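Heads up: the structure comes next, in structure tokens.
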Amino acid sequence: MSASTRAPVLIVGGSGVVGSLAAKTLRRLHPDLPITIGGRDLGKARAVADELGNADAVCVDLERADLGQPGDRAYSAVVMFVKDDTLHSLAFAQARGVPYLEISTAAFELGPAVGLHAHRPNGAPILMACSWLAGAATLAALHFAREFRSVEAIEIAAVLDEQDVGGPAAFADLERQSKAIPSALVLADGKWSWVSGPAAARVFKAVDGHEMAGQAYSLLDVLSLAAATGARSIRTDVALGESASRRRGEAFSTEIIIELTGTRHDGTTARVRHELVHPEGQAPVTAAAVAVGIERLLGLAGGPPVPPGFYLPHVIIDPAHMVRRLEEFGTRIRRA
């Protein structure tokens, strides 16, 4: 099926800061793909839809099982940029057998979504793109890990500029995930544990060498990286503060530092560091990663449409493809 003959992709929260940018990124990649911008404010949603072209807008009510949509309204996918505490959106996608993608669930919040999938395992392909910046960090790490025969340890550090938290939905995610549980999930010496206090803190060097105080963060990166690499120690830390670009007097940027330790294919051991920087902050990186997830689910790139299942990004997305897309949309990558 060509993009132009599909039912539209419903982007809930598509008029927000990151959601609207993701819609524009998807439009750039697939000019003929119909898109529906869903939100509570129909006027804002229509403004984004008008700018996109080949798009329309609807009001979405997450308190209703039908999301407030007419019974005859079809969608080819449901993409969430807001946290749906009811999970009506997931059940809506399952009932229609269409792909579902969301970016807001932390490791300690997975249970309800897993329960819905277990109840209806053949309902829909569910992509939990709930890693740092929708899988950008994890897939980049897996791309860099290909130079190793085996990986022993992975450390990911992210700098989120305090001026780059995003819109209300992104701020709510950050506040909920950092305050709802005082511990973070890490893998240390082959054992899973929830760490807090001093064990959850880590000092790392930003891209300009400045020392940053990071805090372990319980997104889904550790789950993907452990399954895909077999590494014995994995953690993701986030520092909220001033990015390197702002210390230089420029606008804020976003930074991801990936450090891998392991054995190369020639038998030598090494520790390597890669840095990803986007000069416009986290939103364009997240938008590009979500667009990659949507195109993969629908079979528009990287293979045929994804069958029903419960997926983390690394299971269905080629890391090299993600890295190419990130660079295409302005992410600068260097080996430090």
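If you're wondering about the labels, chains in the structure tokens are A, B, ... by order shown, residues count from 1 in each chain, ligands from 1 in order shown.
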
Can you build me a table of stretch 246-291 of chain A residues sitting at most 7 Å from stretch 130-142 of chain A, with the closest atom pair per residue and its distance in Å to one decimal, using only C-alpha atoms, sorted by chain and residue number, as JSON lines?
{"residue": "A:Ile256", "atom": "CA", "partner": "A:Ala137", "partner_atom": "CA", "distance": 6.9}
{"residue": "A:Ile258", "atom": "CA", "partner": "A:Ala141", "partner_atom": "CA", "distance": 6.4}
{"residue": "A:Val285", "atom": "CA", "partner": "A:Leu133", "partner_atom": "CA", "distance": 6.5}
{"residue": "A:Thr286", "atom": "CA", "partner": "A:Leu133", "partner_atom": "CA", "distance": 4.6}
{"residue": "A:Ala289", "atom": "CA", "partner": "A:Ala134", "partner_atom": "CA", "distance": 5.7}
{"residue": "A:Val290", "atom": "CA", "partner": "A:Ala134", "partner_atom": "CA", "distance": 6.1}

(message) as a list in words, please: every residue in stretch 95-165 of chain A that DSSP puts in strand (DSSP E or B).
(response) Tyr100, Leu101, Glu102, Pro125, Ile126, Leu127, Met128, Phe148, Arg149, Ser150, Val151, Glu152, Ala153, Ile154, Glu155, Ile156, Ala157, Ala158, Val159, Leu160 and Asp161 of chain A

(request) Using only C-alpha atoms, pick whichever of A:Glu328, A:Asp56, A:Asp221, A:Glu259 has the shortest atom-to-atom distance to A:Val151. (result)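 Using only C-alpha atoms, A:Val151 sits closest to A:Glu259.
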
(request) Just list the residues in stretch 98-271 of chain A DSSP gives alpha helix (DSSP H) on the backbone, as JSON, numbers by chain. (result) {"A": [111, 112, 113, 114, 115, 116, 117, 118, 119, 136, 137, 138, 139, 140, 141, 142, 143, 144, 168, 169, 170, 171, 172, 173, 174, 175, 176, 177, 178, 179, 221, 222, 223, 224, 225, 226, 227, 228, 229, 244, 245, 246, 247]}

(request) Tell me which of A:Val323, A:Asp61, A:Ser15, A:Ala216 sits closest to A:Arg46, counting only C-alpha atoms. (result) A:Ser15

Please identify every residue of stretch 260-320 of chain A that has at least one atom no farther than 10 Å from an atom of stretch 111-127 of chain A, counting only C-alpha atoms, and for each give the shortest atom pair and the distance in Å to one decimal, arranged by chain then increasing number, as a Markdown table.
| residue | atom | partner | partner_atom | distance |
| --- | --- | --- | --- | --- |
| A:Gly293 | CA | A:Leu127 | CA | 7.7 |
| A:Ile294 | CA | A:Leu127 | CA | 9.1 |
| A:Leu297 | CA | A:Pro125 | CA | 7.5 |
| A:Leu298 | CA | A:Pro125 | CA | 9.8 |
| A:Pro305 | CA | A:Pro125 | CA | 9.3 |
| A:Val306 | CA | A:Pro125 | CA | 6.4 |
| A:Pro307 | CA | A:Pro125 | CA | 5.8 |
| A:Pro308 | CA | A:Pro125 | CA | 3.9 |
| A:Gly309 | CA | A:Pro125 | CA | 4.7 |
| A:Phe310 | CA | A:Ile126 | CA | 4.9 |
| A:Tyr311 | CA | A:Leu127 | CA | 4.8 |
| A:Leu312 | CA | A:Leu127 | CA | 5.9 |
| A:Pro313 | CA | A:Leu127 | CA | 6.7 |
| A:Val315 | CA | A:Leu127 | CA | 9.5 |
| A:Ile316 | CA | A:Leu127 | CA | 8.9 |

Take the residues just selected and output them with C-alpha atoms as a tab-separated table (two decimals), in the first residue's frame.
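The result, stored in again.tsv:
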chain	number	residue	atom	x	y	z
A	293	GLY	CA	9.51	4.51	14.39
A	294	ILE	CA	6.36	5.42	12.47
A	297	LEU	CA	5.84	0.31	11.81
A	298	LEU	CA	4.01	1.11	8.59
A	305	PRO	CA	4.85	-3.53	8.01
A	306	VAL	CA	5.52	-4.76	11.53
A	307	PRO	CA	3.24	-7.60	12.74
A	308	PRO	CA	1.41	-7.48	16.08
A	309	GLY	CA	3.71	-7.64	19.08
A	310	PHE	CA	5.22	-5.67	21.94
A	311	TYR	CA	8.42	-4.02	20.75
A	312	LEU	CA	11.33	-1.95	21.98
A	313	PRO	CA	12.93	0.19	19.24
A	315	VAL	CA	13.93	-5.03	17.85
A	316	ILE	CA	12.50	-3.52	14.67
